[in-house]
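Novice: Next comes input-v2.txt, compact mmCIF, N, CA and C atoms:
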```txt
# COMPACT_ATOMS: atom_id res chain seq x y z
N ALA A 161 18.58 -24.10 -8.43
CA ALA A 161 17.17 -24.37 -8.74
C ALA A 161 16.83 -23.76 -10.08
N THR A 162 16.07 -24.48 -10.87
CA THR A 162 15.70 -23.94 -12.17
C THR A 162 14.50 -23.02 -12.02
N MET A 163 14.37 -22.09 -12.97
CA MET A 163 13.30 -21.11 -12.87
C MET A 163 12.08 -21.51 -13.70
N THR A 164 11.89 -22.80 -13.90
CA THR A 164 10.80 -23.24 -14.77
C THR A 164 9.43 -23.01 -14.13
N LYS A 165 9.35 -23.07 -12.80
CA LYS A 165 8.05 -22.95 -12.16
C LYS A 165 7.67 -21.48 -11.93
N LYS A 166 7.83 -20.66 -12.97
CA LYS A 166 7.60 -19.23 -12.76
C LYS A 166 6.13 -18.91 -12.51
N ARG A 167 5.25 -19.33 -13.42
CA ARG A 167 3.84 -18.99 -13.28
C ARG A 167 3.00 -20.24 -13.07
N VAL A 168 2.75 -20.60 -11.84
CA VAL A 168 1.93 -21.77 -11.60
C VAL A 168 0.48 -21.33 -11.52
N GLY A 169 -0.39 -22.02 -12.26
CA GLY A 169 -1.81 -21.72 -12.16
C GLY A 169 -2.17 -20.38 -12.78
N GLY A 170 -3.42 -20.01 -12.65
CA GLY A 170 -3.93 -18.76 -13.22
C GLY A 170 -3.91 -17.66 -12.18
N PRO A 171 -4.80 -16.67 -12.32
CA PRO A 171 -4.86 -15.57 -11.34
C PRO A 171 -5.02 -16.11 -9.93
N GLY A 172 -4.27 -15.57 -9.02
CA GLY A 172 -4.34 -16.01 -7.64
C GLY A 172 -3.47 -17.22 -7.39
N GLY A 173 -2.98 -17.86 -8.47
CA GLY A 173 -2.17 -19.05 -8.31
C GLY A 173 -0.70 -18.77 -8.47
N ALA A 174 -0.34 -17.49 -8.61
CA ALA A 174 1.08 -17.14 -8.75
C ALA A 174 1.81 -17.60 -7.49
N ALA A 175 3.01 -18.11 -7.66
CA ALA A 175 3.77 -18.59 -6.51
C ALA A 175 3.99 -17.44 -5.55
N SER A 176 3.40 -17.52 -4.37
CA SER A 176 3.46 -16.39 -3.45
C SER A 176 4.88 -16.15 -2.94
N SER A 177 5.74 -17.15 -3.11
CA SER A 177 7.11 -16.99 -2.64
C SER A 177 7.83 -15.88 -3.42
N GLU A 178 7.32 -15.57 -4.61
CA GLU A 178 7.98 -14.54 -5.40
C GLU A 178 7.55 -13.14 -4.96
N VAL A 179 6.50 -13.07 -4.19
CA VAL A 179 5.99 -11.77 -3.75
C VAL A 179 6.60 -11.42 -2.41
N PRO A 180 7.27 -10.27 -2.31
CA PRO A 180 7.87 -9.89 -1.03
C PRO A 180 6.84 -9.88 0.10
N ILE A 181 7.29 -10.32 1.26
CA ILE A 181 6.42 -10.39 2.43
C ILE A 181 5.73 -9.05 2.70
N PHE A 182 6.47 -7.96 2.53
CA PHE A 182 5.87 -6.65 2.79
C PHE A 182 4.61 -6.44 1.96
N LEU A 183 4.69 -6.78 0.67
CA LEU A 183 3.54 -6.58 -0.22
C LEU A 183 2.39 -7.51 0.14
N GLN A 184 2.72 -8.76 0.49
CA GLN A 184 1.67 -9.70 0.90
C GLN A 184 0.95 -9.18 2.13
N LYS A 185 1.74 -8.69 3.09
CA LYS A 185 1.14 -8.18 4.32
C LYS A 185 0.33 -6.92 4.07
N ALA A 186 0.89 -6.01 3.28
CA ALA A 186 0.19 -4.75 3.01
C ALA A 186 -1.15 -5.03 2.33
N TYR A 187 -1.14 -5.96 1.40
CA TYR A 187 -2.35 -6.30 0.66
C TYR A 187 -3.41 -6.87 1.61
N HIS A 188 -2.97 -7.80 2.43
CA HIS A 188 -3.88 -8.44 3.39
C HIS A 188 -4.42 -7.41 4.38
N MET A 189 -3.54 -6.51 4.78
CA MET A 189 -3.88 -5.45 5.73
C MET A 189 -5.04 -4.61 5.21
N ILE A 190 -4.93 -4.19 3.95
CA ILE A 190 -5.95 -3.33 3.37
C ILE A 190 -7.24 -4.12 3.16
N ASP A 191 -7.10 -5.36 2.73
CA ASP A 191 -8.26 -6.21 2.51
C ASP A 191 -9.08 -6.43 3.78
N THR A 192 -8.40 -6.50 4.92
CA THR A 192 -9.08 -6.87 6.15
C THR A 192 -9.28 -5.71 7.12
N CYS A 193 -8.83 -4.54 6.74
CA CYS A 193 -8.88 -3.39 7.66
C CYS A 193 -10.30 -2.84 7.81
N ASP A 194 -10.55 -2.24 8.95
CA ASP A 194 -11.79 -1.50 9.16
C ASP A 194 -11.81 -0.36 8.15
N PRO A 195 -12.84 -0.30 7.29
CA PRO A 195 -12.86 0.72 6.23
C PRO A 195 -12.83 2.15 6.74
N LYS A 196 -13.14 2.35 8.02
CA LYS A 196 -13.04 3.71 8.55
C LYS A 196 -11.59 4.12 8.75
N ILE A 197 -10.70 3.12 8.83
CA ILE A 197 -9.28 3.40 9.04
C ILE A 197 -8.52 3.38 7.71
N CYS A 198 -8.76 2.34 6.92
CA CYS A 198 -8.06 2.19 5.66
C CYS A 198 -8.90 1.31 4.74
N SER A 199 -8.94 1.66 3.46
CA SER A 199 -9.73 0.83 2.54
C SER A 199 -9.25 1.02 1.11
N TRP A 200 -9.73 0.13 0.24
CA TRP A 200 -9.52 0.30 -1.19
C TRP A 200 -10.42 1.44 -1.65
N SER A 201 -10.02 2.11 -2.72
CA SER A 201 -10.90 3.12 -3.30
C SER A 201 -12.03 2.38 -4.01
N GLU A 202 -13.05 3.15 -4.43
CA GLU A 202 -14.20 2.51 -5.07
C GLU A 202 -13.80 1.73 -6.32
N ASP A 203 -12.87 2.29 -7.10
CA ASP A 203 -12.48 1.59 -8.33
C ASP A 203 -11.43 0.50 -8.08
N GLY A 204 -10.93 0.43 -6.83
CA GLY A 204 -9.98 -0.62 -6.49
C GLY A 204 -8.57 -0.39 -7.01
N LEU A 205 -8.33 0.80 -7.57
CA LEU A 205 -7.01 1.07 -8.16
C LEU A 205 -6.07 1.76 -7.18
N THR A 206 -6.62 2.28 -6.10
CA THR A 206 -5.78 2.92 -5.08
C THR A 206 -6.28 2.45 -3.72
N PHE A 207 -5.47 2.68 -2.69
CA PHE A 207 -5.98 2.44 -1.35
C PHE A 207 -5.77 3.71 -0.54
N ILE A 208 -6.62 3.88 0.46
CA ILE A 208 -6.67 5.12 1.20
C ILE A 208 -6.52 4.85 2.69
N VAL A 209 -5.57 5.54 3.30
CA VAL A 209 -5.44 5.48 4.76
C VAL A 209 -6.17 6.72 5.28
N LYS A 210 -7.28 6.50 5.97
CA LYS A 210 -8.13 7.61 6.39
C LYS A 210 -7.79 8.12 7.79
N ASN A 211 -7.23 7.24 8.59
CA ASN A 211 -6.89 7.64 9.95
C ASN A 211 -5.49 7.12 10.26
N THR A 212 -4.49 7.97 10.02
CA THR A 212 -3.11 7.50 10.14
C THR A 212 -2.75 7.10 11.57
N SER A 213 -3.29 7.80 12.57
CA SER A 213 -2.88 7.45 13.93
C SER A 213 -3.46 6.10 14.35
N LEU A 214 -4.71 5.84 14.01
CA LEU A 214 -5.28 4.52 14.30
C LEU A 214 -4.58 3.45 13.47
N PHE A 215 -4.27 3.80 12.23
CA PHE A 215 -3.61 2.85 11.34
C PHE A 215 -2.28 2.41 11.93
N GLU A 216 -1.49 3.39 12.42
CA GLU A 216 -0.17 3.00 12.92
C GLU A 216 -0.24 2.37 14.30
N ASN A 217 -1.24 2.72 15.09
CA ASN A 217 -1.31 2.14 16.44
C ASN A 217 -2.06 0.83 16.51
N ALA A 218 -3.09 0.68 15.68
CA ALA A 218 -3.93 -0.51 15.77
C ALA A 218 -3.69 -1.51 14.66
N VAL A 219 -3.33 -1.04 13.47
CA VAL A 219 -3.26 -1.95 12.32
C VAL A 219 -1.83 -2.41 12.03
N ILE A 220 -0.91 -1.46 11.88
CA ILE A 220 0.46 -1.82 11.51
C ILE A 220 1.07 -2.88 12.45
N PRO A 221 0.93 -2.71 13.78
CA PRO A 221 1.58 -3.69 14.69
C PRO A 221 1.06 -5.12 14.53
N GLN A 222 -0.14 -5.29 13.97
CA GLN A 222 -0.65 -6.65 13.77
C GLN A 222 0.15 -7.37 12.68
N PHE A 223 0.81 -6.58 11.82
CA PHE A 223 1.49 -7.17 10.67
C PHE A 223 3.00 -6.98 10.68
N PHE A 224 3.45 -5.91 11.33
CA PHE A 224 4.87 -5.60 11.30
C PHE A 224 5.42 -5.42 12.71
N LYS A 225 6.75 -5.38 12.78
CA LYS A 225 7.38 -5.27 14.10
C LYS A 225 7.49 -3.82 14.56
N HIS A 226 6.75 -2.94 13.93
CA HIS A 226 6.82 -1.53 14.32
C HIS A 226 5.42 -0.94 14.24
N ASN A 227 5.30 0.31 14.66
CA ASN A 227 4.00 0.98 14.53
C ASN A 227 4.21 2.39 14.02
N LYS A 228 5.05 2.50 12.99
CA LYS A 228 5.34 3.83 12.45
C LYS A 228 4.76 3.94 11.04
N PHE A 229 3.87 4.89 10.88
CA PHE A 229 3.28 5.11 9.56
C PHE A 229 4.37 5.52 8.57
N SER A 230 5.33 6.32 9.04
CA SER A 230 6.40 6.79 8.15
C SER A 230 7.23 5.63 7.60
N SER A 231 7.45 4.60 8.42
CA SER A 231 8.20 3.43 7.95
C SER A 231 7.41 2.67 6.90
N PHE A 232 6.10 2.59 7.12
CA PHE A 232 5.23 1.90 6.17
C PHE A 232 5.27 2.64 4.82
N VAL A 233 5.17 3.97 4.89
CA VAL A 233 5.20 4.78 3.68
C VAL A 233 6.54 4.65 2.96
N ARG A 234 7.62 4.59 3.74
CA ARG A 234 8.94 4.46 3.12
C ARG A 234 9.04 3.14 2.36
N GLN A 235 8.50 2.09 2.95
CA GLN A 235 8.49 0.80 2.27
C GLN A 235 7.70 0.88 0.97
N LEU A 236 6.53 1.54 1.03
CA LEU A 236 5.72 1.69 -0.19
C LEU A 236 6.53 2.39 -1.27
N ASN A 237 7.26 3.43 -0.86
CA ASN A 237 8.07 4.18 -1.83
C ASN A 237 9.15 3.30 -2.46
N PHE A 238 9.72 2.41 -1.67
CA PHE A 238 10.74 1.48 -2.19
C PHE A 238 10.18 0.65 -3.34
N TYR A 239 8.90 0.35 -3.23
CA TYR A 239 8.28 -0.51 -4.25
C TYR A 239 7.59 0.30 -5.35
N GLY A 240 7.84 1.61 -5.37
CA GLY A 240 7.34 2.42 -6.47
C GLY A 240 5.90 2.89 -6.32
N PHE A 241 5.36 2.79 -5.12
CA PHE A 241 4.02 3.34 -4.90
C PHE A 241 4.10 4.86 -4.93
N ARG A 242 3.02 5.50 -5.34
CA ARG A 242 2.98 6.95 -5.36
C ARG A 242 1.83 7.45 -4.51
N LYS A 243 2.08 8.53 -3.81
CA LYS A 243 0.99 9.15 -3.06
C LYS A 243 0.18 9.97 -4.07
N VAL A 244 -1.13 9.84 -3.99
CA VAL A 244 -2.00 10.55 -4.91
C VAL A 244 -2.70 11.68 -4.18
N LYS A 245 -2.70 12.86 -4.76
CA LYS A 245 -3.41 13.98 -4.14
C LYS A 245 -4.90 13.82 -4.41
N PHE A 246 -5.70 14.19 -3.43
CA PHE A 246 -7.14 14.06 -3.59
C PHE A 246 -7.72 15.19 -4.42
N SER A 247 -7.20 16.40 -4.20
CA SER A 247 -7.84 17.59 -4.73
C SER A 247 -8.13 17.54 -6.23
N ASN A 248 -7.25 16.91 -7.03
CA ASN A 248 -7.47 16.91 -8.47
C ASN A 248 -8.81 16.28 -8.84
N SER A 249 -9.26 15.30 -8.06
CA SER A 249 -10.43 14.56 -8.48
C SER A 249 -11.70 15.05 -7.79
N LEU A 250 -11.57 15.99 -6.89
CA LEU A 250 -12.74 16.40 -6.11
C LEU A 250 -13.44 17.64 -6.66
N ARG A 251 -14.76 17.56 -6.66
CA ARG A 251 -15.51 18.79 -6.85
C ARG A 251 -15.24 19.61 -5.59
N ILE A 252 -15.39 20.92 -5.67
CA ILE A 252 -15.12 21.71 -4.48
C ILE A 252 -16.29 21.54 -3.51
N ASP A 253 -16.02 20.76 -2.51
CA ASP A 253 -17.01 20.48 -1.48
C ASP A 253 -16.24 20.59 -0.18
N HIS A 254 -16.49 21.69 0.53
CA HIS A 254 -15.61 22.01 1.66
C HIS A 254 -15.70 21.02 2.81
N VAL A 255 -16.87 20.47 3.03
CA VAL A 255 -17.01 19.48 4.09
C VAL A 255 -16.16 18.27 3.74
N LEU A 256 -16.30 17.84 2.49
CA LEU A 256 -15.54 16.69 2.04
C LEU A 256 -14.05 16.99 2.04
N GLU A 257 -13.71 18.21 1.65
CA GLU A 257 -12.30 18.59 1.63
C GLU A 257 -11.70 18.46 3.02
N LYS A 258 -12.43 18.97 4.01
CA LYS A 258 -11.92 18.89 5.39
C LYS A 258 -11.78 17.44 5.82
N GLU A 259 -12.79 16.66 5.47
CA GLU A 259 -12.81 15.26 5.86
C GLU A 259 -11.66 14.48 5.23
N THR A 260 -11.34 14.81 3.99
CA THR A 260 -10.32 14.05 3.28
C THR A 260 -8.94 14.67 3.35
N ALA A 261 -8.83 15.83 3.99
CA ALA A 261 -7.55 16.55 4.02
C ALA A 261 -6.43 15.71 4.64
N LYS A 262 -6.79 14.88 5.61
CA LYS A 262 -5.75 14.08 6.29
C LYS A 262 -5.63 12.69 5.72
N TRP A 263 -6.37 12.40 4.66
CA TRP A 263 -6.30 11.08 4.06
C TRP A 263 -5.05 10.94 3.21
N TRP A 264 -4.52 9.76 3.18
CA TRP A 264 -3.38 9.44 2.31
C TRP A 264 -3.84 8.40 1.30
N ARG A 265 -3.69 8.71 0.03
CA ARG A 265 -4.09 7.76 -1.00
C ARG A 265 -2.83 7.32 -1.74
N PHE A 266 -2.71 6.01 -1.95
CA PHE A 266 -1.53 5.47 -2.63
C PHE A 266 -1.95 4.65 -3.83
N ARG A 267 -1.13 4.69 -4.88
CA ARG A 267 -1.42 3.83 -6.02
C ARG A 267 -0.16 3.19 -6.57
N HIS A 268 -0.36 2.00 -7.11
CA HIS A 268 0.68 1.33 -7.88
C HIS A 268 -0.09 0.55 -8.92
N GLN A 269 0.36 0.60 -10.17
CA GLN A 269 -0.43 -0.01 -11.25
C GLN A 269 -0.68 -1.50 -11.04
N ASN A 270 0.18 -2.16 -10.27
CA ASN A 270 0.00 -3.60 -10.04
C ASN A 270 -0.50 -3.93 -8.64
N PHE A 271 -1.00 -2.91 -7.94
CA PHE A 271 -1.53 -3.15 -6.59
C PHE A 271 -3.00 -2.76 -6.65
N ARG A 272 -3.85 -3.76 -6.90
CA ARG A 272 -5.27 -3.48 -7.11
C ARG A 272 -6.14 -4.45 -6.33
N LYS A 273 -7.28 -3.94 -5.94
CA LYS A 273 -8.23 -4.79 -5.23
C LYS A 273 -8.60 -6.00 -6.08
N GLY A 274 -8.55 -7.18 -5.46
CA GLY A 274 -8.96 -8.39 -6.14
C GLY A 274 -7.96 -8.93 -7.15
N ARG A 275 -6.77 -8.29 -7.24
CA ARG A 275 -5.78 -8.75 -8.22
C ARG A 275 -4.46 -9.10 -7.52
N ARG A 276 -4.57 -10.00 -6.56
CA ARG A 276 -3.38 -10.45 -5.84
C ARG A 276 -2.35 -11.05 -6.80
N ASP A 277 -2.85 -11.55 -7.95
CA ASP A 277 -1.94 -12.17 -8.92
C ASP A 277 -0.95 -11.18 -9.53
N LEU A 278 -1.26 -9.88 -9.44
CA LEU A 278 -0.37 -8.87 -10.01
C LEU A 278 0.79 -8.51 -9.08
N LEU A 279 0.69 -8.89 -7.81
CA LEU A 279 1.71 -8.49 -6.84
C LEU A 279 3.10 -8.93 -7.26
N VAL A 280 3.16 -10.07 -7.95
CA VAL A 280 4.45 -10.61 -8.36
C VAL A 280 5.17 -9.66 -9.32
N GLU A 281 4.41 -8.75 -9.95
CA GLU A 281 5.01 -7.81 -10.90
C GLU A 281 5.65 -6.60 -10.21
N ILE A 282 5.37 -6.43 -8.92
CA ILE A 282 5.89 -5.25 -8.21
C ILE A 282 7.31 -5.52 -7.74
N LYS A 283 8.22 -4.70 -8.19
CA LYS A 283 9.63 -4.88 -7.81
C LYS A 283 10.11 -3.67 -7.02
N ARG A 284 11.07 -3.94 -6.15
CA ARG A 284 11.69 -2.82 -5.42
C ARG A 284 12.41 -1.95 -6.43
N THR A 285 12.25 -0.65 -6.29
CA THR A 285 12.96 0.25 -7.19
C THR A 285 14.37 0.43 -6.66
N PRO A 286 15.37 0.45 -7.56
CA PRO A 286 16.73 0.72 -7.09
C PRO A 286 16.74 2.12 -6.48
N SER A 287 17.44 2.29 -5.37
CA SER A 287 17.42 3.59 -4.72
C SER A 287 18.06 4.62 -5.63
N SER A 288 17.41 5.76 -5.74
CA SER A 288 17.95 6.81 -6.62
C SER A 288 19.04 7.57 -5.89
N GLY A 289 19.89 8.22 -6.63
CA GLY A 289 20.94 9.03 -6.02
C GLY A 289 22.19 8.23 -5.70
N GLY A 290 22.16 6.93 -6.00
CA GLY A 290 23.37 6.12 -5.83
C GLY A 290 23.70 5.78 -4.39
N ALA A 291 22.93 6.29 -3.43
CA ALA A 291 23.22 5.95 -2.04
C ALA A 291 22.81 4.50 -1.81
N PRO A 292 23.56 3.76 -1.00
CA PRO A 292 23.15 2.37 -0.71
C PRO A 292 21.83 2.37 0.03
N PRO A 293 21.00 1.35 -0.18
CA PRO A 293 19.70 1.32 0.53
C PRO A 293 19.93 1.27 2.04
N VAL A 294 19.06 1.92 2.76
CA VAL A 294 19.17 1.92 4.22
C VAL A 294 18.83 0.52 4.71
N VAL A 295 19.69 -0.03 5.53
CA VAL A 295 19.41 -1.36 6.06
C VAL A 295 18.30 -1.24 7.10
N ASN A 296 17.30 -2.10 6.95
CA ASN A 296 16.16 -2.02 7.88
C ASN A 296 16.52 -2.60 9.22
N ARG A 297 16.47 -1.78 10.25
CA ARG A 297 16.72 -2.27 11.60
C ARG A 297 15.38 -2.63 12.21
N ALA A 298 14.85 -3.77 11.86
CA ALA A 298 13.52 -4.14 12.32
C ALA A 298 13.57 -4.55 13.79
```
Represent the structure contained in this file as structure tokens.
Specialist:
Amino acid sequence: ATMTKKRVGGPGGAASSEVPIFLQKAYHMIDTCDPKICSWSEDGLTFIVKNTSLFENAVIPQFFKHNKFSSFVRQLNFYGFRKVKFSNSLRIDHVLEKETAKWWRFRHQNFRKGRRDLLVEIKRTPSSGGAPPVVNRA
């Protein structure tokens, strides 16, 4: 097959076949999740999992064949997502600190609210350390 049909259409029209299923599902998951469990940040540049136990028991199984938050995080790491610490951006507000202490915030420069067209730019990172990638036993 020739690679001529690389970019069909404008934003949102990128051939979804080029985007790994994991990323498509993760994106849809965050878009449709109860914001008390998981949501985009206000600027749309990161997403936040606010309740990991509800997320893994109620949300992950709707999209994946497992319900392990750790597996979801490992997949994110494969694609170069980074966990972002909250403390750097917070004024010292102890109530807020307690509330956000268990939150997980993730960012990837091409994973943004309303920019599904960028997903095609996200590639799996080659595993570091030369070890072969772990085969997913789904």
Novice: Phe238 (chain A): which residues within 8 Å, counting only N, CA and C atoms, same-chain residues fewer than 3 positions away excluded, as a list of chain:residue names?
Specialist: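 Near Phe238 (chain A), the qualifying residues are A:Phe232, A:Val233, A:Arg234, A:Gln235, A:Phe241, A:Lys283, A:Arg284, A:Thr285, A:Pro286, A:Ser287.
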Novice: Do you know which residues are at most 8 Å from Ile220 (chain A) counting only N, CA and C atoms, after dropping those on the same chain fewer than 6 positions away, and could you put them as an mmCIF file with N, CA and C atoms, in the frame of the given file?
Specialist:
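Everything below was put into selection_34.cif:
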```
data_model
loop_
_atom_site.group_PDB
_atom_site.id
_atom_site.type_symbol
_atom_site.label_atom_id
_atom_site.label_comp_id
_atom_site.auth_asym_id
_atom_site.auth_seq_id
_atom_site.Cartn_x
_atom_site.Cartn_y
_atom_site.Cartn_z
ATOM 1 N N MET A 189 -3.540 -6.510 4.780
ATOM 2 C CA MET A 189 -3.880 -5.450 5.730
ATOM 3 C C MET A 189 -5.040 -4.610 5.210
ATOM 4 N N LEU A 214 -4.710 5.840 14.010
ATOM 5 C CA LEU A 214 -5.280 4.520 14.300
ATOM 6 C C LEU A 214 -4.580 3.450 13.470
ATOM 7 N N HIS A 226 6.750 -2.940 13.930
ATOM 8 C CA HIS A 226 6.820 -1.530 14.320
ATOM 9 C C HIS A 226 5.420 -0.940 14.240
ATOM 10 N N ASN A 227 5.300 0.310 14.660
ATOM 11 C CA ASN A 227 4.000 0.980 14.530
ATOM 12 C C ASN A 227 4.210 2.390 14.020
ATOM 13 N N LYS A 228 5.050 2.500 12.990
ATOM 14 C CA LYS A 228 5.340 3.830 12.450
ATOM 15 C C LYS A 228 4.760 3.940 11.040
ATOM 16 N N PHE A 229 3.870 4.890 10.880
ATOM 17 C CA PHE A 229 3.280 5.110 9.560
ATOM 18 C C PHE A 229 4.370 5.520 8.570
#
```
Novice: Could you pull out all residues of region 161-280 of chain A with a DSSP call of strand (DSSP E) and give them as a PyMOL selection string?
Specialist: chain A and resi 198-200+206-209+242-244+264-267
Novice: Identify which of the residues A:Lys196, A:Ser230, A:Arg272, A:Gln222 lies closest to Thr260 (chain A), counting only C-alpha atoms when measuring atom-to-atom distances.
Specialist: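 The answer is A:Lys196, which sits nearest to Thr260 (chain A).
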Novice: Can you tell me, as a ChimeraX atom specification, what residues are no more than 8 Å from Asp191 (chain A) when counting only N, CA and C atoms, ignoring any on the same chain fewer than 6 positions away?
Specialist: /A:185,198-200,273
Novice: Save out the residues we just selected, N, CA and C atoms, as a tab-separated table (two decimals), keeping the file's coordinate frame.
Specialist:
```
chain	number	residue	atom	x	y	z
A	185	LYS	N	1.74	-8.69	3.09
A	185	LYS	CA	1.14	-8.18	4.32
A	185	LYS	C	0.33	-6.92	4.07
A	198	CYS	N	-8.76	2.34	6.92
A	198	CYS	CA	-8.06	2.19	5.66
A	198	CYS	C	-8.90	1.31	4.74
A	199	SER	N	-8.94	1.66	3.46
A	199	SER	CA	-9.73	0.83	2.54
A	199	SER	C	-9.25	1.02	1.11
A	200	TRP	N	-9.73	0.13	0.24
A	200	TRP	CA	-9.52	0.30	-1.19
A	200	TRP	C	-10.42	1.44	-1.65
A	273	LYS	N	-7.28	-3.94	-5.94
A	273	LYS	CA	-8.23	-4.79	-5.23
A	273	LYS	C	-8.60	-6.00	-6.08
```
Novice: What is the atom C of Phe266 (chain A)-atom C of Phe224 (chain A) distance in Å, reported with one decimal?
Specialist: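 According to the coordinates, atom C of Phe266 (chain A) and atom C of Phe224 (chain A) are separated by 20.7 Å.
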Novice: Would you compute the distance between atom N of Phe207 (chain A) and atom N of Ile190 (chain A)? Give it in Å to one decimal.
Specialist: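 Separation between atom N of Phe207 (chain A) and atom N of Ile190 (chain A): 9.6 Å.
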Novice: Have a look at atom C of Arg265 (chain A) and CA of Val209 (chain A) and let me know their distance in Å, one decimal.
Specialist: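 Those two atoms sit 7.2 Å apart.
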Novice: Could you list as JSON, numbers by chain every residue that has an atom within 7 Å of (-3.5, 12.4, 0.7), using the file's coordinates and counting all atoms listed in the file?
Specialist: {"A": [243, 244, 245, 246, 260, 261, 262, 263, 264, 265, 266]}
